[in-house]
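J.: Contents of structure-v3.cif (mmCIF, C-alpha atoms) are below:
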```cif
data_start
loop_
_atom_site.label_atom_id
_atom_site.label_comp_id
_atom_site.auth_asym_id
_atom_site.auth_seq_id
_atom_site.Cartn_x
_atom_site.Cartn_y
_atom_site.Cartn_z
CA MET A 247 -15.74 18.41 5.09
CA LEU A 248 -17.77 19.88 2.24
CA LEU A 249 -16.11 21.74 -0.62
CA THR A 250 -18.67 23.95 -2.31
CA ASN A 251 -18.69 25.83 -5.63
CA THR A 252 -15.73 23.88 -6.97
CA ARG A 253 -14.31 23.83 -10.47
CA PHE A 254 -12.07 20.82 -10.81
CA LEU A 255 -10.23 18.70 -13.35
CA ASP A 256 -12.16 15.47 -13.67
CA GLU A 257 -10.84 12.07 -14.72
CA THR A 258 -10.69 13.19 -18.38
CA PHE A 259 -9.04 16.50 -17.37
CA HIS A 260 -11.98 18.56 -18.44
CA LEU A 261 -13.45 21.18 -16.13
CA ARG A 262 -16.39 20.12 -14.01
CA TYR A 263 -18.52 22.19 -11.63
CA ALA A 264 -19.78 20.49 -8.46
CA ASP A 265 -19.68 20.22 -4.67
CA ILE A 266 -17.37 17.59 -3.16
CA ARG A 267 -17.87 15.84 0.17
CA ILE A 268 -14.87 14.35 1.99
CA HIS A 269 -15.12 11.89 4.85
CA ASP A 270 -12.54 9.68 6.53
CA ALA A 271 -9.75 10.71 4.08
CA HIS A 272 -11.81 9.89 0.97
CA ILE A 273 -14.09 11.60 -1.52
CA VAL A 274 -17.50 10.17 -0.73
CA GLU A 275 -19.85 12.30 -2.82
CA ILE A 276 -19.73 14.62 -5.85
CA ASP A 277 -22.87 16.38 -7.02
CA GLU A 278 -23.99 19.69 -8.48
CA GLN A 279 -25.21 20.87 -5.10
CA LEU A 280 -24.82 19.18 -1.72
CA GLU A 281 -26.38 20.30 1.55
CA PRO A 282 -24.03 20.58 4.54
CA LEU A 283 -24.42 17.94 7.23
CA ALA A 284 -24.56 18.73 10.93
CA ASN A 285 -21.14 19.81 12.26
CA GLU A 286 -19.60 19.53 8.79
CA ALA A 287 -16.86 22.00 7.90
CA VAL A 288 -17.71 23.92 4.72
CA ILE A 289 -15.09 25.51 2.44
CA ASP A 290 -16.18 27.82 -0.36
CA CYS A 291 -13.90 27.00 -3.32
CA SER A 292 -15.21 29.60 -5.75
CA SER A 293 -11.80 31.34 -5.84
CA TYR A 294 -9.89 28.12 -6.57
CA LEU A 295 -9.37 25.55 -9.25
CA LEU A 296 -8.95 22.01 -7.95
CA TYR A 297 -6.45 19.61 -9.52
CA PRO A 298 -5.66 16.05 -8.54
CA GLY A 299 -2.38 15.91 -6.62
CA LEU A 300 0.63 14.78 -8.66
CA ILE A 301 2.86 11.71 -8.24
CA ASP A 302 6.61 11.92 -8.81
CA ALA A 303 7.34 8.30 -9.64
CA HIS A 304 11.14 8.44 -9.38
CA VAL A 305 13.08 10.45 -6.80
CA HIS A 306 16.39 10.11 -4.95
CA THR A 307 16.35 11.89 -1.59
CA PRO A 308 18.23 13.86 -0.39
CA ASP A 309 19.02 15.32 -3.81
CA THR A 310 18.85 19.08 -3.23
CA LEU A 311 22.25 18.80 -1.52
CA LEU A 312 23.71 17.78 -4.90
CA ARG A 313 22.31 20.53 -7.12
CA GLY A 314 24.70 21.30 -9.95
CA ILE A 315 27.36 18.93 -8.66
CA PHE A 316 26.79 16.59 -11.63
CA CYS A 317 26.44 19.23 -14.35
CA ASP A 318 28.01 18.58 -17.75
CA MET A 319 28.98 15.03 -16.80
CA SER A 320 27.48 11.76 -18.11
CA LEU A 321 26.30 9.15 -15.63
CA HIS A 322 29.26 6.79 -16.01
CA GLN A 323 31.73 9.58 -15.29
CA TRP A 324 30.22 10.23 -11.87
CA GLY A 325 32.72 9.69 -9.06
CA ASP A 326 35.71 9.53 -11.41
CA GLN A 327 39.19 10.87 -10.57
CA SER A 328 38.49 14.43 -11.70
CA GLU A 329 38.05 17.21 -9.17
CA GLN A 330 34.30 17.20 -9.81
CA GLY A 331 34.14 13.41 -9.54
CA GLN A 332 36.00 13.36 -6.23
CA LEU A 333 33.69 16.04 -4.81
CA GLN A 334 30.73 13.87 -5.82
CA GLN A 335 32.25 10.84 -4.14
CA ARG A 336 32.96 12.77 -0.95
CA LEU A 337 29.32 13.88 -0.79
CA PHE A 338 28.12 10.31 -1.34
CA ASP A 339 30.42 9.19 1.46
CA TYR A 340 29.02 11.91 3.71
CA LEU A 341 25.45 10.71 3.12
CA ASP A 342 26.35 7.02 3.49
CA GLN A 343 28.68 7.20 6.47
CA HIS A 344 29.00 10.55 8.20
CA ALA A 345 25.67 12.40 8.25
CA SER A 346 24.03 12.28 11.66
CA LYS A 347 20.36 11.31 11.89
CA THR A 348 19.48 14.94 12.63
CA GLU A 349 21.42 16.20 9.62
CA PHE A 350 19.98 13.58 7.32
CA LEU A 351 16.43 14.27 8.47
CA THR A 352 16.94 18.00 7.81
CA LEU A 353 17.97 17.22 4.23
CA VAL A 354 14.99 14.90 3.75
CA GLN A 355 12.44 17.31 5.20
CA TYR A 356 13.75 20.14 3.06
CA ALA A 357 13.53 18.06 -0.14
CA TYR A 358 10.07 16.68 0.64
CA LEU A 359 8.72 20.12 1.43
CA GLN A 360 9.86 21.31 -2.01
CA TYR A 361 7.93 18.46 -3.65
CA LEU A 362 4.84 19.34 -1.63
CA LYS A 363 5.01 23.02 -2.60
CA ASN A 364 5.15 21.91 -6.24
CA GLY A 365 1.90 19.97 -5.89
CA VAL A 366 3.41 16.50 -5.52
CA VAL A 367 1.39 14.47 -3.01
CA CYS A 368 3.02 11.06 -3.58
CA ILE A 369 6.57 9.96 -4.38
CA ILE A 370 8.28 6.73 -5.38
CA GLU A 371 11.46 6.99 -3.33
CA THR A 372 14.63 5.16 -4.35
CA GLY A 373 16.88 6.89 -1.84
CA GLN A 374 20.36 8.35 -1.98
CA ALA A 375 22.13 6.86 1.02
CA ASP A 376 22.77 3.45 2.54
CA ASP A 377 20.46 2.21 5.30
CA SER A 378 18.26 5.32 5.14
CA CYS A 379 14.81 3.78 4.59
CA LEU A 380 13.41 4.42 8.07
CA MET A 381 14.63 8.03 8.02
CA LEU A 382 13.00 8.57 4.63
CA GLU A 383 9.72 7.18 5.94
CA LYS A 384 10.00 9.37 9.03
CA GLY A 385 10.64 12.47 6.93
CA ALA A 386 7.68 11.73 4.66
CA LEU A 387 5.44 11.25 7.66
CA GLN A 388 6.56 14.53 9.26
CA VAL A 389 6.04 16.54 6.07
CA GLY A 390 2.79 14.72 5.28
CA ILE A 391 3.64 13.42 1.80
CA LYS A 392 2.72 9.90 0.65
CA ALA A 393 5.66 7.66 -0.16
CA LEU A 394 6.48 4.24 -1.53
CA VAL A 395 10.02 3.70 -0.23
CA ASP A 396 12.47 1.28 -1.82
CA TRP A 397 13.98 -0.83 0.95
CA TYR A 398 16.48 -2.46 -1.40
CA ASP A 399 17.64 -5.63 0.39
CA GLU A 400 17.49 -4.19 3.91
CA ALA A 401 15.91 -6.29 6.63
CA VAL A 402 12.63 -4.82 7.85
CA ALA A 403 13.22 -3.24 11.25
CA SER A 404 9.67 -2.12 12.07
CA ASP A 405 6.09 -1.99 10.88
CA LEU A 406 4.84 0.86 8.73
CA MET A 407 4.26 4.02 10.73
CA HIS A 408 1.25 5.25 8.74
CA THR A 409 -1.27 4.31 6.05
CA ASN A 410 0.33 6.95 3.78
CA LEU A 411 3.48 4.83 3.48
CA ARG A 412 4.29 1.72 1.46
CA ARG A 413 7.45 -0.34 0.95
CA GLY A 414 9.12 -1.79 -2.11
CA THR A 415 12.20 -3.88 -2.85
CA HIS A 416 14.95 -3.64 -5.43
CA LEU A 417 16.68 -5.48 -8.24
CA PRO A 418 20.35 -4.44 -8.43
CA GLU A 419 21.22 -2.40 -11.50
CA GLU A 420 22.87 -4.16 -14.40
CA GLU A 421 26.49 -3.43 -13.41
CA ASP A 422 25.87 -4.93 -9.96
CA LEU A 423 23.43 -7.71 -10.83
CA GLU A 424 24.72 -11.29 -10.57
CA GLN A 425 22.94 -14.66 -10.62
CA TYR A 426 23.06 -14.90 -6.83
CA SER A 427 21.54 -11.44 -6.23
CA LEU A 428 18.94 -12.12 -8.91
CA GLU A 429 17.81 -15.27 -7.11
CA LEU A 430 17.74 -13.42 -3.77
CA THR A 431 15.52 -10.77 -5.36
CA VAL A 432 13.11 -13.43 -6.63
CA LYS A 433 12.92 -14.86 -3.11
CA ARG A 434 12.40 -11.43 -1.52
CA VAL A 435 9.60 -10.52 -3.92
CA ARG A 436 7.80 -13.79 -3.21
CA GLU A 437 8.15 -13.40 0.55
CA THR A 438 7.12 -9.74 0.82
CA GLY A 439 4.73 -9.24 -2.09
CA TRP A 440 6.18 -5.74 -2.32
CA PRO A 441 6.57 -3.86 -5.61
CA LEU A 442 9.90 -4.50 -7.32
CA MET A 443 11.74 -1.48 -8.67
CA THR A 444 14.98 -0.82 -10.50
CA HIS A 445 16.72 1.41 -13.03
CA CYS A 446 16.22 -0.58 -16.22
CA LEU A 447 18.34 -0.20 -19.37
CA GLU A 448 19.11 3.42 -18.52
CA THR A 449 22.29 3.48 -20.63
CA GLU A 450 23.91 1.47 -23.41
CA PHE A 451 26.61 0.40 -20.92
CA ARG A 452 23.97 -1.14 -18.68
CA ARG A 453 22.35 -2.95 -21.60
CA GLN A 454 25.70 -4.40 -22.59
CA GLU A 455 26.30 -5.52 -19.01
CA SER A 456 23.03 -7.47 -19.04
CA LEU A 457 23.88 -9.04 -22.39
CA ARG A 458 27.37 -9.94 -21.21
CA LYS A 459 26.26 -11.57 -17.96
CA PHE A 460 22.94 -13.14 -18.90
CA GLY A 461 22.83 -13.23 -22.69
CA CYS A 462 19.68 -11.11 -22.86
CA SER A 463 18.35 -7.66 -22.00
CA THR A 464 17.21 -6.77 -18.49
CA VAL A 465 13.58 -6.76 -19.66
CA LYS A 466 13.84 -10.29 -21.04
CA LEU A 467 15.65 -11.40 -17.88
CA LEU A 468 12.85 -10.03 -15.69
CA ASP A 469 10.29 -11.77 -17.87
CA GLU A 470 12.19 -15.08 -17.69
CA TYR A 471 12.22 -14.97 -13.88
CA GLN A 472 8.56 -13.89 -13.65
CA LEU A 473 9.52 -10.51 -12.21
CA LEU A 474 7.84 -8.48 -14.95
CA GLY A 475 4.26 -7.52 -14.17
CA PRO A 476 1.90 -4.86 -12.78
CA ASN A 477 3.80 -4.90 -9.47
CA THR A 478 7.07 -3.94 -11.20
CA ILE A 479 8.30 -0.33 -11.43
CA LEU A 480 11.02 0.31 -13.99
CA PHE A 481 12.84 3.63 -14.28
CA HIS A 482 14.01 4.97 -17.66
CA CYS A 483 13.76 1.92 -20.01
CA ILE A 484 15.76 3.85 -22.61
CA GLU A 485 17.94 1.25 -24.36
CA THR A 486 15.12 -1.13 -25.31
CA ASP A 487 14.60 -3.04 -28.53
CA GLU A 488 11.27 -3.89 -30.16
CA GLU A 489 10.91 -7.18 -28.28
CA ASP A 490 11.63 -5.44 -24.97
CA ARG A 491 8.92 -2.90 -25.69
CA ARG A 492 6.44 -5.62 -26.61
CA LEU A 493 7.13 -7.40 -23.29
CA LEU A 494 6.91 -4.17 -21.29
CA ALA A 495 3.52 -3.33 -22.75
CA LYS A 496 2.17 -6.86 -22.37
CA SER A 497 3.28 -7.11 -18.75
CA GLN A 498 1.69 -3.78 -17.72
CA ALA A 499 4.78 -3.01 -15.64
CA HIS A 500 4.86 0.63 -14.55
CA LEU A 501 7.46 2.48 -16.64
CA VAL A 502 8.74 5.85 -15.42
CA HIS A 503 9.80 8.43 -17.98
CA CYS A 504 12.39 10.98 -16.75
CA PRO A 505 13.06 13.20 -19.79
CA VAL A 506 14.67 16.17 -18.06
CA SER A 507 17.11 14.04 -16.09
CA ASN A 508 17.87 11.99 -19.23
CA GLN A 509 18.71 15.14 -21.17
CA LEU A 510 20.86 16.66 -18.42
CA ALA A 511 22.83 13.41 -18.09
CA SER A 512 23.34 13.21 -21.89
CA GLU A 513 21.33 10.01 -22.15
CA HIS A 514 19.00 8.91 -24.92
CA SER A 515 15.22 9.05 -24.57
CA MET A 516 12.61 6.40 -23.95
CA ALA A 517 10.66 5.24 -27.04
CA LEU A 518 7.68 7.07 -25.57
CA ASP A 519 5.48 7.21 -28.67
CA GLU A 520 5.78 3.48 -29.39
CA LEU A 521 5.27 2.45 -25.76
CA LEU A 522 2.14 4.60 -25.48
CA GLN A 523 0.77 3.18 -28.73
CA ARG A 524 1.36 -0.33 -27.37
CA GLY A 525 -0.69 0.54 -24.25
CA SER A 526 2.15 0.60 -21.74
CA HIS A 527 1.57 1.81 -18.18
CA LEU A 528 3.58 5.06 -18.03
CA GLY A 529 4.34 7.60 -15.33
CA LEU A 530 6.69 10.55 -14.88
CA GLY A 531 9.64 11.18 -12.58
CA THR A 532 12.13 13.94 -11.82
CA ASP A 533 14.84 11.41 -10.92
CA PHE A 534 17.98 13.05 -9.63
CA LEU A 535 19.06 16.13 -11.56
CA THR A 536 15.85 18.13 -11.31
CA HIS A 537 13.22 18.66 -8.63
CA ASP A 538 10.38 20.14 -10.70
CA LEU A 539 7.71 17.75 -11.94
CA TRP A 540 5.95 20.54 -13.87
CA GLU A 541 9.12 20.95 -15.95
CA VAL A 542 9.06 17.20 -16.59
CA MET A 543 5.39 17.36 -17.62
CA ARG A 544 5.99 20.21 -20.06
CA CYS A 545 9.08 18.54 -21.48
CA THR A 546 7.04 15.35 -22.04
CA TYR A 547 4.29 17.32 -23.79
CA ARG A 548 6.82 18.88 -26.17
CA GLU A 549 8.38 15.47 -26.78
CA LEU A 550 5.00 14.00 -27.75
CA LYS A 551 4.11 16.93 -29.99
CA THR A 552 7.40 16.50 -31.89
CA SER A 553 7.02 12.72 -32.24
CA ASP A 554 6.01 10.94 -35.43
CA ASN A 555 2.38 10.92 -34.24
CA PRO A 556 1.68 14.33 -32.67
CA ASP A 557 -2.06 14.17 -33.36
CA ARG A 558 -2.41 11.16 -31.06
CA TYR A 559 -1.49 13.18 -27.98
CA ASP A 560 -2.67 16.21 -26.09
CA ALA A 561 -2.13 17.81 -22.68
CA ALA A 562 -4.51 15.32 -21.07
CA THR A 563 -2.08 12.54 -22.12
CA VAL A 564 0.59 14.14 -19.95
CA TRP A 565 -1.79 14.80 -17.06
CA LYS A 566 -2.69 11.11 -17.06
CA MET A 567 0.99 10.18 -16.88
CA ALA A 568 1.61 12.64 -14.02
CA THR A 569 -1.26 11.11 -12.03
CA ASN A 570 -0.75 7.47 -13.04
CA SER A 571 -0.24 5.31 -9.99
CA PRO A 572 1.85 2.15 -9.59
CA CYS A 573 0.39 1.76 -6.09
CA PRO A 574 -3.39 2.31 -6.38
CA ASP A 575 -4.03 1.32 -2.78
CA LEU A 576 -1.93 4.33 -1.73
CA TYR A 577 -2.69 6.93 -4.41
CA GLN A 578 -5.37 6.95 -7.12
CA GLY A 579 -4.56 10.18 -8.96
CA SER A 580 -8.04 11.47 -9.81
CA ILE A 581 -10.87 13.43 -8.25
CA ALA A 582 -13.56 10.77 -8.10
CA VAL A 583 -15.90 9.18 -5.56
CA GLY A 584 -14.11 6.48 -3.59
CA ASN A 585 -10.64 7.90 -4.13
CA SER A 586 -8.37 9.37 -1.50
CA ALA A 587 -8.84 13.13 -1.17
CA ASP A 588 -5.48 14.22 -2.63
CA LEU A 589 -6.14 17.69 -4.03
CA LEU A 590 -4.37 20.84 -5.13
CA PHE A 591 -6.15 24.14 -4.50
CA ILE A 592 -4.92 26.55 -7.20
CA ARG A 593 -5.66 30.25 -6.90
CA ASP A 594 -7.78 31.17 -9.91
CA ASN A 595 -6.16 34.09 -11.69
CA SER A 596 -5.58 35.59 -15.11
CA ARG A 597 -2.40 33.58 -15.72
CA LEU A 598 -4.60 30.57 -16.55
CA SER A 599 -7.11 32.53 -18.61
CA PRO A 600 -8.97 32.18 -20.82
CA LEU A 601 -9.99 28.81 -19.40
CA LEU A 602 -12.67 27.37 -21.67
CA GLN A 603 -14.90 24.32 -21.45
CA LEU A 604 -17.17 24.18 -24.51
CA SER A 605 -19.21 21.31 -25.88
CA THR A 606 -16.56 20.27 -28.42
CA PHE A 607 -13.47 22.14 -27.23
CA SER A 608 -11.58 22.48 -23.96
CA ASN A 609 -8.25 24.11 -23.21
CA ALA A 610 -8.41 23.23 -19.50
CA ALA A 611 -5.80 20.45 -19.65
CA PHE A 612 -3.46 22.55 -21.78
CA ASN A 613 -3.69 25.80 -19.82
CA THR A 614 -3.36 24.13 -16.44
CA LEU A 615 -0.38 22.11 -17.68
CA MET A 616 1.47 24.97 -19.34
CA TYR A 617 0.76 27.94 -17.09
CA THR A 618 0.43 26.70 -13.51
CA GLN A 619 3.24 28.04 -11.32
CA GLN A 620 4.30 27.05 -7.82
CA ASP A 621 3.18 30.34 -6.28
CA MET A 622 -0.39 29.61 -7.45
CA ILE A 623 -0.64 26.47 -5.27
CA GLU A 624 -2.48 27.76 -2.20
CA HIS A 625 -3.36 24.52 -0.38
CA VAL A 626 -2.39 20.88 -0.77
CA MET A 627 -4.71 18.24 0.68
CA ILE A 628 -3.50 14.68 1.26
CA SER A 629 -5.93 12.01 2.47
CA GLY A 630 -8.44 14.69 3.43
CA SER A 631 -6.03 16.77 5.57
CA PHE A 632 -4.14 19.90 4.64
CA ALA A 633 -0.44 19.14 4.23
CA LEU A 634 0.00 22.70 2.95
CA PHE A 635 -2.31 25.54 3.97
CA HIS A 636 -1.94 29.03 2.50
CA GLY A 637 1.39 27.87 1.13
CA LYS A 638 2.77 26.83 4.52
CA SER A 639 3.23 23.48 6.22
CA PRO A 640 1.13 23.10 9.38
CA SER A 641 3.51 20.42 10.69
CA ILE A 642 6.97 21.85 9.91
CA ASP A 643 8.59 25.03 11.26
CA GLU A 644 9.71 26.24 7.86
CA VAL A 645 11.84 29.12 9.16
CA GLN A 646 13.77 26.79 11.46
CA LEU A 647 14.09 24.19 8.70
CA GLU A 648 15.47 26.75 6.27
CA ASN A 649 17.99 27.98 8.86
CA ASP A 650 19.06 24.43 9.72
CA TYR A 651 19.39 23.55 6.03
CA GLN A 652 21.49 26.61 5.21
CA ALA A 653 23.75 26.02 8.22
CA LEU A 654 24.22 22.41 7.16
CA LEU A 655 25.16 23.43 3.61
CA GLU A 656 27.73 25.88 4.97
CA THR A 657 29.25 23.09 7.04
CA ILE A 658 29.22 20.47 4.29
CA PHE A 659 30.68 22.80 1.65
CA SER A 660 33.28 24.30 3.95
CA LYS A 661 36.78 25.21 2.81
CA ASP A 662 38.02 22.08 4.59
CA LEU A 663 35.97 19.85 2.27
CA ILE A 664 37.24 21.57 -0.87
CA GLN A 665 40.85 21.62 0.35
CA GLN A 666 40.72 17.95 1.37
CA THR A 667 39.41 17.04 -2.09
CA ASP A 668 42.22 19.03 -3.68
CA ARG A 669 44.87 17.36 -1.49
CA GLU A 670 43.63 13.87 -2.37
CA LEU A 671 43.76 14.69 -6.09
CA GLN A 672 47.33 15.92 -5.75
#
```
Give the structure from this file in structure tokens form.
T.:
Amino acid sequence: MLLTNTRFLDETFHLRYADIRIHDAHIVEIDEQLEPLANEAVIDCSSYLLYPGLIDAHVHTPDTLLRGIFCDMSLHQWGDQSEQGQLQQRLFDYLDQHASKTEFLTLVQYAYLQYLKNGVVCIIETGQADDSCLMLEKGALQVGIKALVDWYDEAVASDLMHTNLRRGTHLPEEEDLEQYSLELTVKRVRETGWPLMTHCLETEFRRQESLRKFGCSTVKLLDEYQLLGPNTILFHCIETDEEDRRLLAKSQAHLVHCPVSNQLASEHSMALDELLQRGSHLGLGTDFLTHDLWEVMRCTYRELKTSDNPDRYDAATVWKMATNSPCPDLYQGSIAVGNSADLLFIRDNSRLSPLLQLSTFSNAAFNTLMYTQQDMIEHVMISGSFALFHGKSPSIDEVQLENDYQALLETIFSKDLIQQTDRELQ
């Protein structure tokens, strides 16, 4: 495939004009003008802007089922004895124990399609239900999105179904972590070589649990057991001290900032400015209480511009975080020769204008960050194939999926569910 007359965001998130050749899922050539090869499909991109596809580095699927169910409640109140808490627990029980494979797959497909329509081409999936890893992989494959799926401590039941999938393993969170499970995690990491991921120091309660059990923070514990390195993915990292932050930066572990979810759950914020200054490897995630990575990107930009060092950061800083990969063999996050062809085709229109690229000034990173909307994403290409074409999935019957999803919601949130929750509270 040859993409001609393109304007695209390059690795520095400036605008560049060139033709792009794609072969065997990868970008193989970029030049000012390329001649079509025999039998090569040619797409004129003069009416589009091309962005690198985004990575959402922390998701819990299926989460759309739980929209608003956790509002105005801090994390450690979830599942308590209140009416809201019992409703939450009943929904968790449904996902863990009662959802059929067909129902669960409907929820997964619906959620993954929403990510795709928002320009997310790769996710780091930490799941929402017990023993759901294979179904998550199947849903990702059907929708066409790339995924690194956390298998926790589950035994591997089959080989990977596709090159667009990867697997990771898990360290139990601080309230569940014990010496025995820590040692099992060390063994699992050595045997599989998979990335290790966990929620790390997300709350003060979790920090205190680590101190109580092990006499040190989770970061120092990971470092002590040689689990802290480039193959480690840590979500949140909020309640860190200076020594923790020094170790995180030195290790080049991948840290995932989730500012919108943190705010909605009444949590503190990551020491983003200091970690960036130390050279930490940082990405962005929606987590659990939001599904919009663009909102996360804009929130991060505002956070940086209200930090103690606003002049250090610009919109390109945020773009780099939103395309920063903890799994470079799966997703590279930039439009460059040798990289996987993971591209967003954005309809060029006045909502992005004026879009300027001058010798000493560019607003391309800022305008594309601040003003891109979902309805402007025309096509999404993943590994050289269209996972979204003219806003529609070529592999999913979206009308049927929407009908199935709505019917499932009506069943799950029936009067019987609400009345049963009320009876149990009484």
J.: Please measure the separation of atom CA of Leu473 of chain A and atom CA of Thr372 of chain A, giving the value in Å to one decimal.
T.: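 Separating atom CA of Leu473 of chain A from atom CA of Thr372 of chain A is a distance of 18.3 Å.
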J.: Rounded to one decimal, what separation in Å do you get between atom CA of Ser346 of chain A and atom CA of Lys638 of chain A?
T.: 26.7 Å
J.: I need the residue nearest His260 of chain A from this list: A:Leu311, A:Val274, A:Ala401, A:Leu295. Use all atoms listed in the file for the distance.
T.: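 Closest candidate: A:Leu295.
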J.: Where does the PyMOL selection byres ((chain A and resi 580-593) around 8) land in this file, that is, which residues does it pick, as a PDB file with C-alpha atoms, keeping the file's coordinate frame?
T.:
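As written to disk, expr14.pdb reads:
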```
ATOM      1  CA  PHE A 254     -12.070  20.820 -10.810  1.00  0.00           C
ATOM      2  CA  LEU A 255     -10.230  18.700 -13.350  1.00  0.00           C
ATOM      3  CA  ASP A 256     -12.160  15.470 -13.670  1.00  0.00           C
ATOM      4  CA  GLU A 257     -10.840  12.070 -14.720  1.00  0.00           C
ATOM      5  CA  ILE A 268     -14.870  14.350   1.990  1.00  0.00           C
ATOM      6  CA  ALA A 271      -9.750  10.710   4.080  1.00  0.00           C
ATOM      7  CA  HIS A 272     -11.810   9.890   0.970  1.00  0.00           C
ATOM      8  CA  ILE A 273     -14.090  11.600  -1.520  1.00  0.00           C
ATOM      9  CA  VAL A 274     -17.500  10.170  -0.730  1.00  0.00           C
ATOM     10  CA  GLU A 275     -19.850  12.300  -2.820  1.00  0.00           C
ATOM     11  CA  ILE A 276     -19.730  14.620  -5.850  1.00  0.00           C
ATOM     12  CA  SER A 293     -11.800  31.340  -5.840  1.00  0.00           C
ATOM     13  CA  TYR A 294      -9.890  28.120  -6.570  1.00  0.00           C
ATOM     14  CA  LEU A 295      -9.370  25.550  -9.250  1.00  0.00           C
ATOM     15  CA  LEU A 296      -8.950  22.010  -7.950  1.00  0.00           C
ATOM     16  CA  TYR A 297      -6.450  19.610  -9.520  1.00  0.00           C
ATOM     17  CA  PRO A 298      -5.660  16.050  -8.540  1.00  0.00           C
ATOM     18  CA  GLY A 299      -2.380  15.910  -6.620  1.00  0.00           C
ATOM     19  CA  GLY A 365       1.900  19.970  -5.890  1.00  0.00           C
ATOM     20  CA  VAL A 367       1.390  14.470  -3.010  1.00  0.00           C
ATOM     21  CA  THR A 569      -1.260  11.110 -12.030  1.00  0.00           C
ATOM     22  CA  TYR A 577      -2.690   6.930  -4.410  1.00  0.00           C
ATOM     23  CA  GLN A 578      -5.370   6.950  -7.120  1.00  0.00           C
ATOM     24  CA  GLY A 579      -4.560  10.180  -8.960  1.00  0.00           C
ATOM     25  CA  ASP A 594      -7.780  31.170  -9.910  1.00  0.00           C
ATOM     26  CA  ASN A 595      -6.160  34.090 -11.690  1.00  0.00           C
ATOM     27  CA  MET A 622      -0.390  29.610  -7.450  1.00  0.00           C
ATOM     28  CA  ILE A 623      -0.640  26.470  -5.270  1.00  0.00           C
ATOM     29  CA  GLU A 624      -2.480  27.760  -2.200  1.00  0.00           C
ATOM     30  CA  HIS A 625      -3.360  24.520  -0.380  1.00  0.00           C
ATOM     31  CA  VAL A 626      -2.390  20.880  -0.770  1.00  0.00           C
ATOM     32  CA  MET A 627      -4.710  18.240   0.680  1.00  0.00           C
ATOM     33  CA  ILE A 628      -3.500  14.680   1.260  1.00  0.00           C
ATOM     34  CA  SER A 629      -5.930  12.010   2.470  1.00  0.00           C
ATOM     35  CA  GLY A 630      -8.440  14.690   3.430  1.00  0.00           C
TER      36      GLY A 630
END
```
J.: Using the chain letters and numbers from this file, what does the PyMOL selection byres ((chain A and resi 403-416) around 7) select? Give the answer as a PDB file with C-alpha atoms, in the coordinates of the input.
T.:
```
ATOM      1  CA  LYS A 392       2.720   9.900   0.650  1.00  0.00           C
ATOM      2  CA  ALA A 393       5.660   7.660  -0.160  1.00  0.00           C
ATOM      3  CA  LEU A 394       6.480   4.240  -1.530  1.00  0.00           C
ATOM      4  CA  VAL A 395      10.020   3.700  -0.230  1.00  0.00           C
ATOM      5  CA  ASP A 396      12.470   1.280  -1.820  1.00  0.00           C
ATOM      6  CA  TRP A 397      13.980  -0.830   0.950  1.00  0.00           C
ATOM      7  CA  TYR A 398      16.480  -2.460  -1.400  1.00  0.00           C
ATOM      8  CA  ASP A 399      17.640  -5.630   0.390  1.00  0.00           C
ATOM      9  CA  ALA A 401      15.910  -6.290   6.630  1.00  0.00           C
ATOM     10  CA  VAL A 402      12.630  -4.820   7.850  1.00  0.00           C
ATOM     11  CA  LEU A 417      16.680  -5.480  -8.240  1.00  0.00           C
ATOM     12  CA  PRO A 418      20.350  -4.440  -8.430  1.00  0.00           C
ATOM     13  CA  TRP A 440       6.180  -5.740  -2.320  1.00  0.00           C
ATOM     14  CA  PRO A 441       6.570  -3.860  -5.610  1.00  0.00           C
ATOM     15  CA  LEU A 442       9.900  -4.500  -7.320  1.00  0.00           C
ATOM     16  CA  MET A 443      11.740  -1.480  -8.670  1.00  0.00           C
ATOM     17  CA  THR A 444      14.980  -0.820 -10.500  1.00  0.00           C
ATOM     18  CA  LEU A 576      -1.930   4.330  -1.730  1.00  0.00           C
TER      19      LEU A 576
END
```
J.: Of the residues A:Leu510, A:Leu261, A:Thr486, A:Ser292, which is the one nearest to Gly314 of chain A, using all atoms listed in the file?
T.: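 Comparing A:Leu510, A:Leu261, A:Thr486, A:Ser292 against Gly314 of chain A, the winner is A:Leu510.
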